[in-house]
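With TSV, C-alpha atoms inside, this is query_11.tsv:
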chain	number	residue	atom	x	y	z
A	285	MET	CA	0.00	0.00	0.00
A	286	SER	CA	1.05	3.65	-0.30
A	287	ALA	CA	2.33	5.73	2.58
A	288	ASP	CA	-1.19	7.10	3.05
A	289	LYS	CA	-3.30	5.37	5.64
A	290	LEU	CA	-5.70	2.74	4.33
A	291	LYS	CA	-9.30	3.93	4.54
A	292	VAL	CA	-11.76	1.22	5.54
A	293	LEU	CA	-15.52	1.77	5.60
A	294	VAL	CA	-17.46	-0.59	7.89
A	295	VAL	CA	-21.21	-0.84	7.32
A	296	GLY	CA	-24.00	-2.30	9.45
A	297	GLU	CA	-25.49	-2.44	12.92
A	298	GLN	CA	-22.20	-3.71	14.40
A	299	ALA	CA	-20.06	-1.22	12.48
A	300	ARG	CA	-19.06	0.82	15.54
A	301	ARG	CA	-17.92	-2.27	17.40
A	302	TYR	CA	-15.79	-3.43	14.46
A	303	ALA	CA	-14.33	0.04	13.97
A	304	ASP	CA	-13.41	0.52	17.62
A	305	HIS	CA	-11.81	-2.92	17.90
A	306	PHE	CA	-9.79	-2.87	14.69
A	307	SER	CA	-8.76	0.78	14.95
A	308	GLU	CA	-6.91	-0.15	18.12
A	309	LEU	CA	-5.32	-3.21	16.53
A	310	PHE	CA	-4.42	-1.49	13.25
A	311	PRO	CA	-3.52	2.18	13.85
A	312	GLU	CA	-2.19	2.35	10.29
A	313	ALA	CA	-5.78	2.20	9.00
A	314	ILE	CA	-8.56	4.78	9.23
A	315	ILE	CA	-11.71	2.79	9.95
A	316	THR	CA	-15.04	4.60	9.67
A	317	PRO	CA	-18.33	3.03	10.82
A	318	ILE	CA	-21.73	3.77	9.29
A	319	ILE	CA	-25.10	2.04	9.57
A	320	ARG	CA	-25.96	2.29	5.88
A	321	TRP	CA	-24.46	3.76	2.71
A	322	GLY	CA	-26.79	6.76	2.90
A	323	ASP	CA	-25.06	7.76	6.14
A	324	ALA	CA	-21.58	7.86	4.58
A	325	PRO	CA	-19.76	11.19	4.90
A	326	THR	CA	-18.07	12.56	1.79
A	327	SER	CA	-14.70	12.00	3.48
A	328	VAL	CA	-14.97	8.23	2.92
A	329	THR	CA	-15.62	8.25	-0.81
A	330	ASP	CA	-11.93	7.48	-1.38
A	331	ALA	CA	-12.08	4.34	0.82
A	332	GLN	CA	-10.08	1.43	-0.59
A	333	ALA	CA	-11.83	-1.22	1.52
A	334	VAL	CA	-15.38	-1.92	2.69
A	335	TRP	CA	-16.59	-4.40	5.28
A	336	ALA	CA	-20.34	-4.92	5.07
A	337	PRO	CA	-23.13	-7.46	5.35
A	338	PRO	CA	-23.76	-8.56	1.74
A	339	SER	CA	-27.33	-7.25	1.85
A	340	LYS	CA	-25.97	-3.76	2.62
A	341	VAL	CA	-23.79	-3.62	-0.51
A	342	SER	CA	-25.62	-1.61	-3.15
A	343	LEU	CA	-24.78	-0.60	-6.69
A	344	GLU	CA	-24.93	3.00	-5.49
A	345	MET	CA	-22.23	2.21	-2.93
A	346	LEU	CA	-19.97	0.56	-5.48
A	347	LYS	CA	-20.33	3.49	-7.88
A	348	GLY	CA	-19.67	5.95	-5.07
A	349	LEU	CA	-16.33	4.39	-4.10
A	350	PRO	CA	-14.06	4.73	-7.16
A	351	ARG	CA	-10.94	3.64	-5.23
A	352	LEU	CA	-12.54	0.52	-3.74
A	353	ARG	CA	-10.29	-2.51	-4.17
A	354	TRP	CA	-11.36	-4.91	-1.40
A	355	LEU	CA	-14.87	-5.80	-0.25
A	356	GLN	CA	-15.10	-8.00	2.85
A	357	GLY	CA	-18.55	-9.53	3.17
A	358	LEU	CA	-19.56	-9.89	6.82
A	359	ALA	CA	-21.35	-13.17	6.17
A	360	ALA	CA	-20.66	-16.57	4.67
A	361	GLY	CA	-22.83	-16.10	1.60
A	362	THR	CA	-21.93	-13.34	-0.84
A	363	ASP	CA	-24.56	-13.82	-3.57
A	364	PRO	CA	-26.14	-10.36	-2.95
A	365	ILE	CA	-22.70	-8.87	-3.64
A	366	LEU	CA	-21.99	-11.02	-6.69
A	367	ALA	CA	-25.35	-9.99	-8.15
A	368	HIS	CA	-23.76	-6.62	-8.97
A	369	GLY	CA	-21.60	-8.37	-11.57
A	370	PRO	CA	-19.67	-5.91	-13.77
A	371	ALA	CA	-19.60	-3.29	-10.99
A	372	LEU	CA	-17.18	-5.55	-9.11
A	373	SER	CA	-14.47	-5.25	-11.75
A	374	ASP	CA	-11.03	-4.92	-10.13
A	375	ILE	CA	-12.52	-5.49	-6.64
A	376	ILE	CA	-11.44	-8.43	-4.50
A	377	VAL	CA	-14.38	-9.97	-2.63
A	378	THR	CA	-13.85	-12.05	0.51
A	379	SER	CA	-16.33	-13.68	2.87
A	380	LEU	CA	-16.62	-14.96	6.44
A	381	SER	CA	-17.18	-18.50	5.20
A	382	GLY	CA	-16.29	-21.04	7.86
A	383	VAL	CA	-16.58	-18.90	10.98
A	384	HIS	CA	-20.24	-19.91	11.35
A	385	ALA	CA	-19.54	-23.65	11.42
A	386	PRO	CA	-20.24	-24.20	15.16
A	387	GLN	CA	-23.67	-22.55	15.21
A	388	MET	CA	-24.68	-23.89	11.80
A	389	SER	CA	-23.81	-27.46	12.73
A	390	GLU	CA	-25.69	-27.12	16.02
A	391	LEU	CA	-28.79	-25.88	14.22
A	392	ALA	CA	-28.55	-28.77	11.76
A	393	LEU	CA	-28.45	-31.26	14.64
A	394	LEU	CA	-31.24	-29.45	16.49
A	395	LEU	CA	-33.51	-29.63	13.45
A	396	MET	CA	-32.68	-33.27	12.75
A	397	MET	CA	-33.48	-34.35	16.30
A	398	SER	CA	-36.56	-32.14	16.64
A	399	LEU	CA	-38.06	-33.27	13.35
A	400	GLN	CA	-37.70	-37.00	13.81
A	401	ARG	CA	-38.77	-36.87	17.49
A	402	GLN	CA	-41.76	-34.61	16.63
A	403	PHE	CA	-40.63	-32.14	19.24
A	404	PRO	CA	-43.02	-29.34	18.13
A	405	ALA	CA	-45.90	-31.72	18.89
A	406	MET	CA	-44.51	-32.27	22.39
A	407	LEU	CA	-44.35	-28.53	22.98
A	408	LEU	CA	-47.94	-28.17	21.79
A	409	ASN	CA	-48.99	-30.96	24.17
A	410	GLN	CA	-47.20	-29.20	27.02
A	411	LYS	CA	-49.05	-25.98	26.24
A	412	ASN	CA	-52.36	-27.89	26.37
A	413	ASN	CA	-51.51	-30.01	29.44
A	414	ILE	CA	-51.58	-33.23	27.39
A	415	TRP	CA	-49.50	-36.23	28.51
A	416	ASN	CA	-48.80	-38.33	25.42
A	417	ASN	CA	-45.64	-40.20	24.53
A	418	TRP	CA	-44.38	-42.22	21.58
A	419	PRO	CA	-41.20	-44.10	20.64
A	420	GLN	CA	-38.36	-41.66	20.08
A	421	PRO	CA	-36.24	-42.22	16.94
A	422	ILE	CA	-32.48	-41.84	17.35
A	423	LEU	CA	-29.80	-40.65	14.94
A	424	ALA	CA	-27.63	-43.76	15.27
A	425	GLY	CA	-27.87	-45.88	12.14
A	426	LYS	CA	-29.45	-43.11	10.07
A	427	THR	CA	-28.00	-41.72	6.85
A	428	ILE	CA	-27.45	-38.04	6.14
A	429	THR	CA	-26.69	-36.70	2.68
A	430	ILE	CA	-24.95	-33.33	2.76
A	431	VAL	CA	-25.03	-31.25	-0.42
A	432	GLY	CA	-22.03	-28.90	-0.40
A	433	LEU	CA	-18.76	-29.77	1.32
A	434	GLY	CA	-17.43	-26.58	2.83
A	435	ALA	CA	-16.28	-25.89	6.38
A	436	ILE	CA	-19.78	-26.20	7.82
A	437	ALA	CA	-20.31	-29.59	6.18
A	438	MET	CA	-17.00	-30.81	7.61
A	439	ARG	CA	-18.16	-29.86	11.10
A	440	VAL	CA	-21.61	-31.41	10.64
A	441	ALA	CA	-20.06	-34.64	9.35
A	442	SER	CA	-17.75	-34.97	12.36
A	443	VAL	CA	-20.69	-34.59	14.75
A	444	CYS	CA	-22.88	-37.00	12.80
A	445	LYS	CA	-20.20	-39.68	12.96
A	446	ILE	CA	-20.12	-39.30	16.75
A	447	PHE	CA	-23.84	-40.06	16.73
A	448	GLY	CA	-23.22	-43.20	14.67
A	449	MET	CA	-24.62	-41.98	11.39
A	450	THR	CA	-23.64	-42.79	7.82
A	451	VAL	CA	-22.51	-39.59	6.08
A	452	VAL	CA	-22.72	-39.10	2.31
A	453	GLY	CA	-21.45	-35.96	0.61
A	454	VAL	CA	-22.47	-34.40	-2.70
A	455	SER	CA	-19.80	-32.31	-4.39
A	456	ASP	CA	-18.21	-31.72	-7.76
A	457	GLY	CA	-15.06	-30.44	-6.08
A	458	ARG	CA	-14.11	-33.11	-3.53
A	459	ARG	CA	-13.76	-36.84	-3.97
A	460	GLN	CA	-12.93	-37.70	-0.38
A	461	ALA	CA	-13.03	-36.01	3.02
A	462	GLU	CA	-12.67	-37.01	6.64
A	463	ASN	CA	-15.84	-38.37	8.29
A	464	PHE	CA	-17.59	-38.97	4.95
A	465	ASP	CA	-18.43	-42.57	4.09
A	466	ASN	CA	-18.95	-41.67	0.45
A	467	ILE	CA	-18.92	-38.63	-1.81
A	468	VAL	CA	-20.85	-38.49	-5.06
A	469	LEU	CA	-20.99	-35.99	-7.89
A	470	ARG	CA	-23.89	-33.57	-8.09
A	471	ARG	CA	-25.20	-35.28	-11.20
A	472	GLU	CA	-25.45	-38.47	-9.11
A	473	LEU	CA	-27.65	-36.84	-6.45
A	474	ILE	CA	-30.94	-38.42	-7.50
A	475	ALA	CA	-29.43	-41.88	-7.80
A	476	SER	CA	-27.75	-41.64	-4.39
A	477	ILE	CA	-30.55	-40.51	-2.06
A	478	GLY	CA	-32.91	-43.47	-2.20
A	479	ASP	CA	-31.88	-44.56	1.30
A	480	THR	CA	-31.18	-41.22	2.99
A	481	ASP	CA	-32.95	-40.07	6.13
A	482	PHE	CA	-31.81	-36.44	6.09
A	483	LEU	CA	-30.98	-34.27	3.08
A	484	LEU	CA	-28.98	-31.28	4.35
A	485	LEU	CA	-28.35	-28.36	1.99
A	486	LEU	CA	-25.19	-26.27	2.54
A	487	VAL	CA	-24.37	-25.07	-0.98
A	488	PRO	CA	-24.03	-21.42	-2.01
A	489	LEU	CA	-26.61	-19.99	-4.37
A	490	THR	CA	-25.26	-20.00	-7.92
A	491	ALA	CA	-26.72	-20.47	-11.36
A	492	SER	CA	-26.07	-24.22	-11.05
A	493	THR	CA	-27.62	-24.59	-7.57
A	494	ARG	CA	-30.73	-22.47	-8.07
A	495	ALA	CA	-33.75	-24.82	-7.74
A	496	LEU	CA	-31.28	-27.72	-7.43
A	497	ILE	CA	-33.76	-29.49	-5.16
A	498	GLY	CA	-36.83	-29.79	-7.31
A	499	LYS	CA	-39.64	-32.22	-7.93
A	500	ASP	CA	-37.36	-34.93	-9.29
A	501	VAL	CA	-34.97	-34.86	-6.34
A	502	LEU	CA	-37.81	-34.79	-3.81
A	503	ALA	CA	-39.48	-37.74	-5.55
A	504	ALA	CA	-36.25	-39.73	-5.25
A	505	LEU	CA	-36.19	-39.39	-1.47
A	506	PRO	CA	-37.82	-42.07	0.67
A	507	SER	CA	-41.05	-41.02	2.39
A	508	ARG	CA	-39.27	-41.11	5.77
A	509	ALA	CA	-36.72	-38.47	4.75
A	510	PHE	CA	-36.45	-34.92	6.07
A	511	VAL	CA	-35.10	-31.97	4.07
A	512	ILE	CA	-33.07	-29.36	5.96
A	513	ASN	CA	-32.05	-26.15	4.24
A	514	LEU	CA	-29.42	-23.91	5.86
A	515	SER	CA	-28.01	-22.49	2.60
A	516	ARG	CA	-30.25	-20.22	0.52
A	517	GLY	CA	-33.98	-20.44	-0.01
A	518	ALA	CA	-33.73	-20.47	-3.80
A	519	VAL	CA	-31.67	-23.68	-3.73
A	520	ILE	CA	-35.05	-25.41	-3.29
A	521	ASP	CA	-38.01	-25.20	-5.62
A	522	GLU	CA	-40.29	-24.03	-2.80
A	523	ALA	CA	-43.53	-24.87	-4.61
A	524	ALA	CA	-42.30	-28.42	-5.27
A	525	LEU	CA	-41.27	-28.78	-1.61
A	526	ILE	CA	-44.67	-27.61	-0.37
A	527	ALA	CA	-46.41	-30.05	-2.71
A	528	ALA	CA	-44.20	-32.94	-1.54
A	529	LEU	CA	-44.93	-32.09	2.10
A	530	GLN	CA	-48.67	-31.77	1.53
A	531	LYS	CA	-48.78	-35.13	-0.28
A	532	GLY	CA	-46.71	-36.88	2.38
A	533	GLU	CA	-44.00	-37.73	-0.14
A	534	ILE	CA	-41.37	-36.75	2.46
A	535	ALA	CA	-41.60	-36.80	6.26
A	536	GLY	CA	-40.92	-33.14	6.90
A	537	ALA	CA	-38.56	-30.20	6.58
A	538	GLY	CA	-36.44	-27.89	8.70
A	539	LEU	CA	-36.07	-24.54	6.93
A	540	ASP	CA	-33.93	-21.60	8.00
A	541	VAL	CA	-33.89	-19.84	4.62
A	542	PHE	CA	-36.59	-19.04	2.09
A	543	THR	CA	-37.07	-17.71	-1.42
A	544	GLN	CA	-38.69	-14.60	0.07
A	545	GLU	CA	-37.59	-13.33	3.46
A	546	PRO	CA	-39.25	-12.69	5.80
A	547	LEU	CA	-41.36	-15.71	4.92
A	548	PRO	CA	-44.81	-14.32	3.93
A	549	GLY	CA	-47.59	-14.98	6.40
A	550	SER	CA	-49.58	-16.56	3.57
A	551	SER	CA	-47.04	-19.37	3.11
A	552	PRO	CA	-48.47	-22.80	4.03
A	553	LEU	CA	-45.07	-23.68	5.49
A	554	TRP	CA	-45.97	-21.77	8.66
A	555	GLN	CA	-48.86	-24.09	9.51
A	556	MET	CA	-47.48	-27.49	8.53
A	557	PRO	CA	-47.05	-29.75	11.58
A	558	ASN	CA	-44.08	-31.52	9.98
A	559	VAL	CA	-42.16	-28.31	9.22
A	560	ILE	CA	-39.93	-26.29	11.52
A	561	VAL	CA	-39.42	-22.68	10.41
A	562	THR	CA	-36.52	-20.68	11.82
A	563	PRO	CA	-35.97	-17.02	10.81
A	564	HIS	CA	-32.56	-17.23	9.08
A	565	VAL	CA	-30.67	-17.63	12.35
A	566	GLY	CA	-28.26	-20.35	11.25
A	567	GLY	CA	-25.19	-18.12	11.15
A	568	PHE	CA	-26.08	-16.09	14.22
A	569	SER	CA	-24.45	-16.67	17.58
A	570	ASP	CA	-23.82	-14.69	20.73
A	571	VAL	CA	-20.09	-14.85	19.95
A	572	LEU	CA	-20.18	-14.06	16.21
A	573	PHE	CA	-18.06	-10.94	16.60
A	574	ASP	CA	-15.34	-12.88	18.40
A	575	GLN	CA	-15.55	-15.65	15.81
A	576	SER	CA	-14.96	-13.20	12.98
A	577	VAL	CA	-11.99	-11.33	14.51
A	578	PRO	CA	-9.20	-13.80	13.55
A	579	LEU	CA	-10.20	-13.96	9.88
A	580	LEU	CA	-10.77	-10.21	9.59
A	581	SER	CA	-7.43	-9.54	11.29
A	582	GLN	CA	-5.58	-11.78	8.86
A	583	ASN	CA	-7.28	-10.25	5.84
A	584	LEU	CA	-6.71	-6.67	6.99
A	585	ARG	CA	-3.04	-7.38	7.67
A	586	ALA	CA	-2.64	-9.05	4.26
A	587	PHE	CA	-4.23	-6.10	2.48
A	588	LEU	CA	-2.17	-3.56	4.42
A	589	ASP	CA	1.02	-5.46	3.58
A	590	GLY	CA	0.03	-5.82	-0.06
A	591	ASP	CA	0.32	-9.62	0.15
A	592	LEU	CA	-3.01	-10.53	-1.38
A	593	ARG	CA	-2.06	-14.20	-1.52
A	594	LEU	CA	-2.74	-14.33	2.23
A	595	LEU	CA	-6.34	-13.11	1.94
A	596	ARG	CA	-8.68	-15.82	3.19
A	597	ASN	CA	-11.99	-16.75	1.57
A	598	VAL	CA	-11.50	-14.94	-1.73
A	599	VAL	CA	-14.72	-15.36	-3.69
A	600	PRO	CA	-14.48	-16.01	-7.45
A	601	LEU	CA	-16.27	-13.29	-9.33
A	602	PRO	CA	-18.96	-14.23	-11.86
A	603	THR	CA	-17.82	-14.31	-15.44
A	604	VAL	CA	-19.39	-11.71	-17.68
Could you render the structure as structure tokens?
Amino acid sequence: MSADKLKVLVVGEQARRYADHFSELFPEAIITPIIRWGDAPTSVTDAQAVWAPPSKVSLEMLKGLPRLRWLQGLAAGTDPILAHGPALSDIIVTSLSGVHAPQMSELALLLMMSLQRQFPAMLLNQKNNIWNNWPQPILAGKTITIVGLGAIAMRVASVCKIFGMTVVGVSDGRRQAENFDNIVLRRELIASIGDTDFLLLLVPLTASTRALIGKDVLAALPSRAFVINLSRGAVIDEAALIAALQKGEIAGAGLDVFTQEPLPGSSPLWQMPNVIVTPHVGGFSDVLFDQSVPLLSQNLRAFLDGDLRLLRNVVPLPTV
């Protein structure tokens, strides 16, 4: 970098906390916090770096920062950023992919256990003072198929093996990984899920994963299977999923993400007894700030030193 101090613009509800923490760690950077782009003072228009939740990155922001060279997404998924396509020319995009693995894996396990044990029904019985019990299914001996083999999938797989499960991965990028009994190509998905109990979705939203889980995939699942989506809502054909649930073609679903968020009150998913709806909380935790500090520190140091090879989680930009 030049002798001038690096100007970093941090956007979002936690911007002040990030700015205060990293200004102390990196006095060679000028770090300015704002809630939203509309709050940005004119003094930051020459910022070379932006840290922001992907949903806060607008085309107006990108056009208003002509010197921007590094955009750190404060989330694992960066598809709202990548949607700006050509406006990202000459900008390095990085993500927080991987830091959410503990909370994401815990939510996956929570949904798996709650769905197969019919835990919502127990809570409803408690509310109505009803004493009713039934045999409780266990995870041991069950099969989980995980679509997408990133850091979160690695964590989920390790926990599933502790519970005595068979773990199958679906990926076009990996052929083997620790704690996976088998890994198949994405084109083999339909042929490989005939005996799965849980289909867990952890893939990013791309042109090739949009509506990846459609009518044909759902029809290939056994009727006892549960679908759990912790990736992006559009990875599933939501209409096909609703139809499969209504017809009893699958046992249920645990959904943290949806095609439209917040999930409209008119959606039948709200009222289905075999569906658990969570409001996109998979990546949230009470220690998320602390989880993100090591990665952000490494990336800021790499950018300050001009050693871009050390930037973690560089996101490939879409081809034009």
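Proximity of A:Leu486, A:Leu580, A:Val443, A:Val598 to A:Trp335, computed with all atoms listed in the file, is greatest for A:Leu580.
Nearest-residue note for A:Arg353: choosing from A:Met397, A:Ala299, A:Leu293, A:Leu579, the minimum distance belongs to A:Leu293, counting all atoms listed in the file.
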Tell me, as a ChimeraX atom specification, which residues lie within 9 Å of stretch 456-461 of chain A, counting all atoms listed in the file; anything in the same chain fewer than 2 positions away does not count. /A:432-433,438,453-454,463-471
Any chance you could tabulate, as JSON lines, the residues of stretch 546-600 of chain A at most 6 Å from stretch 373-394 of chain A with each one's nearest atom pair and distance in Å to one decimal, using all atoms listed in the file, in chain and rising number order?
{"residue": "A:Gly566", "atom": "CA", "partner": "A:Met388", "partner_atom": "CA", "distance": 5.1}
{"residue": "A:Gly567", "atom": "CA", "partner": "A:His384", "partner_atom": "CA", "distance": 5.3}
{"residue": "A:Gln575", "atom": "CA", "partner": "A:Val383", "partner_atom": "CA", "distance": 5.9}
{"residue": "A:Asn597", "atom": "CA", "partner": "A:Thr378", "partner_atom": "CA", "distance": 5.2}
{"residue": "A:Val598", "atom": "CA", "partner": "A:Thr378", "partner_atom": "CA", "distance": 4.3}
{"residue": "A:Val599", "atom": "CA", "partner": "A:Thr378", "partner_atom": "CA", "distance": 5.4}
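Restricting the calculation to only C-alpha atoms, the smallest distance between A:Asp481 and any of A:Ala523, A:Ala504, A:Leu539, A:Leu496 is found for A:Ala504.
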Point-to-point distance from atom CA of A:Ile436 to atom CA of A:Ala537, Å rounded to tenths
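Pair atom CA of A:Ile436 / atom CA of A:Ala537 returns 19.2 Å.
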Counting all atoms listed in the file, closest pick from A:Gly361, A:Gly425, A:Pro578, A:Pro552 relative to A:Phe447 is A:Gly425
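With only C-alpha atoms as the basis for measurement, A:Gln530 is the residue among A:Thr543, A:Thr450, A:Gln530, A:Thr326 that approaches A:Met556 most closely.
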Figure out the distance between atom CA of A:Asp540 and atom CA of A:His564, please, to one decimal in Å.
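Between these atoms lies a distance of 4.7 Å.
Atom CA of A:Ala371 sits 7.5 Å away from atom CA of A:Lys347.
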Padding 8 Å on each side, edges along x, y and z: where is the centre of the box around the listed atoms of stretch 291-301 of chain A, and how long are its edges in Å to one decimal? Output it as AutoDock Vina command-line options.
--center_x -17.4 --center_y 0.1 --center_z 11.0 --size_x 32.2 --size_y 23.6 --size_z 28.9
Across A:Pro488, A:Gly532, A:Pro404, A:Pro563, the smallest distance to A:Pro546, with only C-alpha atoms counted, is shown by A:Pro563
Practice item. Quick one: everything within 9 Å of A:Glu344, counting all atoms listed in the file, minus sequence neighbours fewer than 4 positions away in the same chain. Send it as number ranges by chain. Key: A: 321, 348-349
If I put a ball of radius 7 Å at (-5.2, 1.9, 8.3) in the file's coordinates, which residues poke into it when counting all atoms listed in the file, written as a list in words?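 I get Lys289, Leu290, Lys291, Phe310, Pro311, Glu312, Ala313, Ile314 and Ile315 of chain A for the residues within 7 Å of that point.
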Requested in this report: With a distance cut-off of 7 Å and all atoms listed in the file, select the neighbouring residues of A:Gly296, excluding the residue or stretch itself and same-chain residues fewer than 3 positions from it, and output the selection as a list in words.
Outcome: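 Skipping anything fewer than 3 positions along the chain leaves Ala299, Ile318, Ile319, Arg320, Ala336 and Pro337 of chain A.
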Practice problem: Name the residues in contact with A:Phe482 at a cut-off of 12 Å, using all atoms listed in the file, excluding same-chain residues fewer than 6 positions from it; report them as a count of residues only. | Solution: 36
